[in-house]
$ cat protein-v3.txt   # compact mmCIF, C-alpha atoms
# COMPACT_ATOMS: atom_id res chain seq x y z
CA MET C 1 60.16 -7.93 2.86
CA GLU C 2 60.45 -5.64 5.86
CA LEU C 3 62.08 -2.27 5.58
CA SER C 4 65.78 -2.16 6.47
CA LEU C 5 67.74 1.02 7.12
CA THR C 6 71.52 1.15 7.46
CA THR C 7 73.65 4.26 7.71
CA ARG C 8 77.32 4.64 6.79
CA THR C 9 79.68 7.43 5.86
CA VAL C 10 81.28 7.55 2.41
CA ALA C 11 83.55 10.42 1.33
CA GLY C 12 82.00 12.82 3.81
CA HIS C 13 78.45 11.90 2.83
CA THR C 14 75.91 10.19 5.02
CA VAL C 15 74.67 7.23 3.01
CA LEU C 16 71.36 5.72 4.10
CA GLU C 17 70.98 2.28 2.56
CA VAL C 18 67.32 1.31 2.26
CA GLY C 19 66.16 -2.24 1.65
CA GLY C 20 62.81 -3.98 1.31
CA GLU C 21 59.48 -2.32 0.74
CA VAL C 22 58.82 1.39 1.21
CA ASP C 23 55.07 1.91 1.34
CA VAL C 24 52.32 3.60 3.34
CA TYR C 25 53.10 1.30 6.30
CA THR C 26 56.89 1.52 6.38
CA ALA C 27 57.52 5.03 5.00
CA PRO C 28 57.05 6.73 8.39
CA ARG C 29 60.14 4.87 9.65
CA LEU C 30 62.15 6.13 6.69
CA ARG C 31 60.89 9.67 7.36
CA GLU C 32 61.90 9.45 11.03
CA ARG C 33 65.39 8.21 10.17
CA LEU C 34 65.97 10.98 7.63
CA ILE C 35 64.80 13.61 10.12
CA GLU C 36 67.13 12.11 12.75
CA LEU C 37 70.07 12.31 10.36
CA VAL C 38 69.47 15.97 9.54
CA ASP C 39 68.81 16.83 13.18
CA ALA C 40 72.10 15.11 14.08
CA GLY C 41 73.96 17.38 11.68
CA SER C 42 74.16 15.41 8.42
CA ARG C 43 74.12 17.88 5.53
CA ASP C 44 75.24 15.77 2.56
CA VAL C 45 72.83 12.89 2.44
CA VAL C 46 72.60 10.08 -0.11
CA VAL C 47 69.76 7.56 -0.04
CA ASP C 48 70.78 4.27 -1.64
CA LEU C 49 67.71 2.56 -3.12
CA GLU C 50 69.53 -0.37 -4.75
CA ARG C 51 68.04 -2.92 -2.35
CA VAL C 52 64.52 -1.53 -2.47
CA ASP C 53 61.96 -4.02 -3.83
CA PHE C 54 58.98 -1.69 -3.79
CA LEU C 55 58.51 2.07 -3.62
CA ASP C 56 55.17 3.87 -3.69
CA SER C 57 53.91 7.46 -3.58
CA THR C 58 54.23 7.59 0.20
CA GLY C 59 57.91 6.71 -0.01
CA LEU C 60 58.43 9.25 -2.79
CA GLY C 61 56.76 11.87 -0.59
CA VAL C 62 59.20 11.08 2.21
CA LEU C 63 62.16 11.51 -0.15
CA VAL C 64 60.84 14.87 -1.35
CA GLY C 65 60.41 15.90 2.29
CA ALA C 66 64.06 15.06 2.97
CA LEU C 67 65.16 17.03 -0.09
CA LYS C 68 63.23 20.08 1.12
CA ARG C 69 64.61 19.72 4.63
CA LEU C 70 68.18 19.61 3.37
CA ARG C 71 67.57 22.50 1.02
CA THR C 72 66.47 24.57 4.02
CA ALA C 73 69.60 23.42 5.88
CA HIS C 74 71.84 24.33 2.89
CA GLY C 75 72.76 20.69 2.43
CA THR C 76 72.76 18.30 -0.53
CA PHE C 77 70.56 15.32 -1.26
CA GLY C 78 70.97 12.58 -3.83
CA LEU C 79 69.58 9.15 -4.67
CA VAL C 80 71.31 6.00 -5.85
CA CYS C 81 69.14 3.97 -8.18
CA SER C 82 69.98 1.87 -11.23
CA LYS C 83 67.02 -0.49 -11.39
CA GLU C 84 64.76 0.21 -14.33
CA PRO C 85 61.42 -0.42 -12.54
CA LEU C 86 62.29 2.20 -9.91
CA LEU C 87 63.69 4.62 -12.48
CA LYS C 88 60.42 4.33 -14.38
CA ILE C 89 58.56 5.42 -11.24
CA PHE C 90 60.73 8.53 -11.03
CA ARG C 91 60.18 9.29 -14.71
CA ILE C 92 56.39 8.84 -14.60
CA THR C 93 56.06 11.17 -11.62
CA ALA C 94 58.57 13.67 -13.11
CA LEU C 95 60.57 13.33 -9.91
CA ASP C 96 63.60 12.46 -12.04
CA GLN C 97 63.65 16.20 -12.70
CA VAL C 98 63.62 16.95 -8.99
CA PHE C 99 66.17 14.50 -7.55
CA PRO C 100 69.79 14.07 -8.56
CA ILE C 101 69.85 10.31 -9.31
CA PHE C 102 73.13 8.39 -9.56
CA PRO C 103 73.88 4.83 -10.67
CA THR C 104 76.30 4.10 -7.82
CA VAL C 105 77.16 5.31 -4.33
CA ASP C 106 80.61 6.29 -5.59
CA ALA C 107 79.10 8.53 -8.24
CA ALA C 108 76.78 10.10 -5.70
CA THR C 109 79.50 10.82 -3.17
CA GLU C 110 82.17 12.19 -5.46
CA ARG C 111 83.14 15.77 -4.71
CA ASP C 112 80.25 17.92 -5.88
CA GLY C 113 78.66 14.67 -6.98
CA SER C 114 75.26 15.04 -5.39
CA GLY C 115 73.49 18.11 -6.55
CA PRO C 116 72.37 20.92 -4.33
CA ALA C 117 69.04 20.21 -2.67
CA SER C 118 67.16 22.45 -5.03
CA MET G 119 34.22 -15.80 -14.09
CA ALA G 120 36.26 -16.15 -10.96
CA THR G 121 36.17 -13.25 -8.56
CA VAL G 122 38.23 -12.71 -5.46
CA ARG G 123 36.98 -10.11 -3.02
CA LEU G 124 39.11 -8.78 -0.18
CA SER G 125 37.95 -6.32 2.46
CA PHE G 126 40.24 -4.84 5.04
CA SER G 127 40.12 -2.26 7.80
CA PRO G 128 41.70 1.04 6.72
CA ALA G 129 45.13 0.43 8.22
CA PRO G 130 48.39 0.90 6.27
CA VAL G 131 49.67 -2.52 7.32
CA HIS G 132 46.96 -4.24 5.25
CA VAL G 133 47.86 -2.54 1.98
CA ARG G 134 50.74 -4.94 1.50
CA THR G 135 48.35 -7.88 1.88
CA ALA G 136 46.11 -6.39 -0.81
CA ARG G 137 49.12 -6.01 -3.13
CA LEU G 138 50.19 -9.61 -2.59
CA VAL G 139 46.71 -10.98 -3.21
CA GLY G 140 46.22 -8.73 -6.23
CA VAL G 141 49.41 -9.91 -7.87
CA ALA G 142 48.73 -13.56 -7.04
CA VAL G 143 45.31 -13.37 -8.70
CA ALA G 144 46.76 -11.45 -11.66
CA ARG G 145 49.37 -14.14 -12.23
CA ARG G 146 46.74 -16.85 -12.09
CA ALA G 147 44.49 -14.85 -14.42
CA GLY G 148 47.23 -14.80 -17.05
CA VAL G 149 48.50 -11.23 -16.82
CA ALA G 150 51.94 -11.10 -18.46
CA GLU G 151 54.88 -11.42 -16.05
CA GLU G 152 56.35 -8.12 -17.19
CA LEU G 153 53.16 -6.31 -16.12
CA LEU G 154 53.04 -7.72 -12.59
CA ASP G 155 55.26 -5.03 -11.07
CA GLU G 156 52.91 -2.42 -12.47
CA VAL G 157 49.87 -4.32 -11.20
CA ARG G 158 51.45 -4.47 -7.76
CA LEU G 159 52.21 -0.77 -7.72
CA ALA G 160 48.82 0.30 -9.06
CA ILE G 161 46.82 -1.83 -6.62
CA GLY G 162 49.03 -0.51 -3.82
CA GLU G 163 48.46 3.08 -4.86
CA ALA G 164 44.70 2.65 -5.14
CA CYS G 165 44.53 0.97 -1.73
CA THR G 166 46.85 3.55 -0.15
CA ARG G 167 44.60 6.29 -1.47
CA ALA G 168 41.51 4.57 -0.01
CA VAL G 169 43.15 3.97 3.37
CA THR G 170 44.40 7.56 3.53
CA LEU G 171 40.94 8.94 2.73
CA HIS G 172 39.24 6.76 5.34
CA ARG G 173 41.73 7.87 7.95
CA GLN G 174 41.36 11.53 6.98
CA TYR G 175 37.61 11.29 7.45
CA GLY G 176 37.78 9.06 10.53
CA LEU G 177 35.96 6.24 8.77
CA THR G 178 36.28 2.70 10.08
CA ASP G 179 34.46 1.17 7.09
CA LEU G 180 36.32 -1.56 5.28
CA VAL G 181 38.14 -0.88 2.03
CA THR G 182 37.15 -3.41 -0.62
CA VAL G 183 39.25 -4.82 -3.44
CA GLU G 184 37.50 -6.93 -6.07
CA MET G 185 39.46 -8.90 -8.63
CA SER G 186 37.85 -10.42 -11.68
CA ASP G 187 39.44 -12.40 -14.50
CA SER G 188 36.77 -12.75 -17.15
CA ASP G 189 38.09 -11.46 -20.49
CA SER G 190 40.68 -9.29 -18.83
CA TYR G 191 42.01 -8.75 -15.32
CA THR G 192 39.85 -6.13 -13.63
CA VAL G 193 40.56 -4.75 -10.16
CA ARG G 194 38.15 -2.42 -8.38
CA VAL G 195 39.24 -0.65 -5.20
CA ILE G 196 36.28 0.86 -3.37
CA ASP G 197 36.36 3.45 -0.59
CA HIS G 198 33.55 5.17 1.29
CA ALA G 199 34.95 8.67 1.72
CA PRO G 200 32.95 11.72 0.59
CA ILE G 201 33.09 12.13 -3.19
CA GLU G 202 34.58 15.62 -3.06
CA ALA G 203 37.74 14.09 -1.61
CA SER G 204 38.48 12.68 -5.06
CA VAL G 205 38.89 16.16 -6.46
CA GLY G 206 42.47 16.05 -5.20
CA LEU G 207 43.33 13.62 -7.97
CA THR G 208 45.43 15.87 -10.16
CA LYS G 209 48.85 15.31 -11.66
CA LEU G 210 51.42 17.82 -10.46
CA PRO G 211 53.85 19.59 -12.82
CA PRO G 212 57.56 19.01 -12.09
CA ASP G 213 58.25 22.53 -10.88
CA GLU G 214 55.61 22.21 -8.15
CA LEU G 215 56.72 18.82 -6.85
CA ALA G 216 59.36 20.16 -4.48
CA ALA G 217 57.72 23.52 -3.80
CA GLU G 218 57.74 24.52 -0.15
CA SER G 219 54.06 25.44 -0.35
CA LEU G 220 53.00 21.92 -1.30
CA THR G 221 51.90 19.85 1.70
CA ASP G 222 53.13 16.29 2.13
CA ASP G 223 49.59 14.96 1.71
CA ALA G 224 49.02 16.92 -1.50
CA LEU G 225 52.34 15.75 -2.87
CA THR G 226 51.67 12.10 -2.08
CA THR G 227 48.17 12.33 -3.57
CA GLY G 228 49.44 13.94 -6.76
CA VAL G 229 52.31 11.51 -7.14
CA GLY G 230 50.01 8.58 -6.40
CA PHE G 231 47.66 9.65 -9.15
CA ALA G 232 50.55 10.14 -11.57
CA LEU G 233 51.62 6.55 -10.88
CA LEU G 234 48.10 5.19 -11.36
CA ALA G 235 47.65 7.10 -14.61
CA GLY G 236 51.12 6.17 -15.78
CA PHE G 237 50.93 2.47 -15.08
CA VAL G 238 47.30 1.70 -15.91
CA ASP G 239 46.20 2.19 -19.51
CA ASP G 240 42.58 1.43 -18.66
CA LEU G 241 41.82 3.45 -15.53
CA GLN G 242 38.50 4.84 -14.31
CA VAL G 243 37.76 6.77 -11.13
CA ARG G 244 34.05 7.16 -10.50
CA PRO G 245 31.52 7.49 -7.67
CA VAL G 246 30.17 4.25 -6.21
CA ASP G 247 26.57 3.46 -7.05
CA ASP G 248 25.27 3.50 -3.48
CA GLY G 249 26.22 5.99 -0.80
CA PRO G 250 29.40 8.03 -0.55
CA GLY G 251 32.63 6.70 -1.98
CA THR G 252 34.77 6.24 -5.03
CA GLU G 253 35.68 3.24 -7.14
CA VAL G 254 39.08 3.05 -8.79
CA ARG G 255 38.76 0.55 -11.63
CA MET G 256 41.85 -0.80 -13.34
CA VAL G 257 41.98 -3.26 -16.22
CA TRP G 258 44.91 -5.24 -17.62
CA PRO G 259 44.97 -7.63 -20.56
CA VAL G 260 45.41 -11.35 -20.02
CA THR G 261 47.56 -13.34 -22.39
CA ARG G 262 46.28 -16.84 -21.76
CA ARG G 263 43.01 -18.35 -20.72
$ encode --input "protein-v3.txt" --output "structure tokens"
Amino acid sequence: MELSLTTRTVAGHTVLEVGGEVDVYTAPRLRERLIELVDAGSRDVVVDLERVDFLDSTGLGVLVGALKRLRTAHGTFGLVCSKEPLLKIFRITALDQVFPIFPTVDAATERDGSGPAS
Amino acid sequence: MATVRLSFSPAPVHVRTARLVGVAVARRAGVAEELLDEVRLAIGEACTRAVTLHRQYGLTDLVTVEMSDSDSYTVRVIDHAPIEASVGLTKLPPDELAAESLTDDALTTGVGFALLAGFVDDLQVRPVDDGPGTEVRMVWPVTRR
């Protein structure tokens, strides 16, 4: 399934909903969109992975890049993910210790919900 | 012993094709359904690594994926990049993953290896027999013959 990217605003956060497959072919589009959002002034960014069917190391690298970019910009960055196969990927790579991961968009966008990009 | 061999030019767009074929052959070989997500991810990571190396070194050689279903399901992903490139295969500790000093390429390589090592119990990375290159060999059990 092709990559889909949709942006909306929830409780002052920019929520980027990602769908489909994030891999070495499609990850550059995700990277570009995240850079656009930060360049346009978004500082509290949540990436919703609930509709992602596939995520590889390239996609994970893009997410880390966004976290670093927002850390530099004194923003916050969080992920929404409740699917066990994806959560296992975060655990195996130890990136669950790097990203704030929330089960729902509501949880991620609550006041002080998404952690500092650190 | 049925073997499927797929060769593709080192372009990111073809990695998905390799994943799809790899999973289709795995299913037919009798790999358990609950392992297929891991098979898909591991084949994707191995192919991504090969494509990335070929592009880094400006190589147009084809990347080869060989699938065999004799007593188990064996997948070999073969690149033709200089052997020393494989030295980058190291798992990164958590506190280095988001370090500013870590380049995007190094991060992706480290994370990719962590996924391969994490999802494949029987994993070997070794030089190819002839010429430059590395073979990533992954084996999964089959539950029916």
$ residues_around --input "protein-v3.txt" --residues "Asp213 in chain G" --least-positions-apart "3" --cutoff "10 Å" --atoms "only C-alpha atoms" --output "PDB file with C-alpha atoms, in the coordinates of the input"
ATOM      1  CA  ALA C  94      58.570  13.670 -13.110  1.00  0.00           C
ATOM      2  CA  LEU C  95      60.570  13.330  -9.910  1.00  0.00           C
ATOM      3  CA  GLN C  97      63.650  16.200 -12.700  1.00  0.00           C
ATOM      4  CA  VAL C  98      63.620  16.950  -8.990  1.00  0.00           C
TER       5      VAL C  98
ATOM      6  CA  LEU G 210      51.420  17.820 -10.460  1.00  0.00           C
ATOM      7  CA  ALA G 216      59.360  20.160  -4.480  1.00  0.00           C
ATOM      8  CA  ALA G 217      57.720  23.520  -3.800  1.00  0.00           C
TER       9      ALA G 217
END
$ interface_residues --input "protein-v3.txt" --of "chain C" --to "chain G" --cutoff "9 Å" --atoms "all atoms listed in the file" --output "list in words"
Asp23, Val24, Tyr25, Thr26, Phe54, Leu55, Asp56, Ser57, Thr58, Gly59, Leu60, Gly61, Val62, Val64, Gly65, Leu67, Lys68, Pro85, Ile89, Ile92, Thr93, Ala94, Leu95, Asp96, Gln97, Val98 and Ser118 of chain C
$ closest_residue --input "protein-v3.txt" --among "C:Ala40, C:Val47, C:Leu34, C:Val22" --to "Val80 in chain C" --atoms "all atoms listed in the file"
C:Val47
$ residues_near_point --input "protein-v3.txt" --point "(69.9, 16.3, 8.9)" --cutoff "10 Å" --atoms "all atoms listed in the file" --output "number ranges by chain"
C: 14, 33-45, 66, 69-70, 73, 75
$ residues_near_point --input "protein-v3.txt" --point "(51.9, -7.7, -15.3)" --cutoff "10 Å" --atoms "only C-alpha atoms" --output "list in words"
Val141, Ala144, Arg145, Gly148, Val149, Ala150, Glu151, Glu152, Leu153, Leu154, Asp155, Glu156, Val157, Arg158, Tyr191, Trp258, Pro259 and Val260 of chain G
$ axis_aligned_box --input "protein-v3.txt" --around "range 151-170 of chain G" --padding-each-side "6 Å" --output "lines of an AutoDock Vina configuration file"
center_x = 48.9
center_y = -1.9
center_z = -6.8
size_x = 26.8
size_y = 31.0
size_z = 32.7
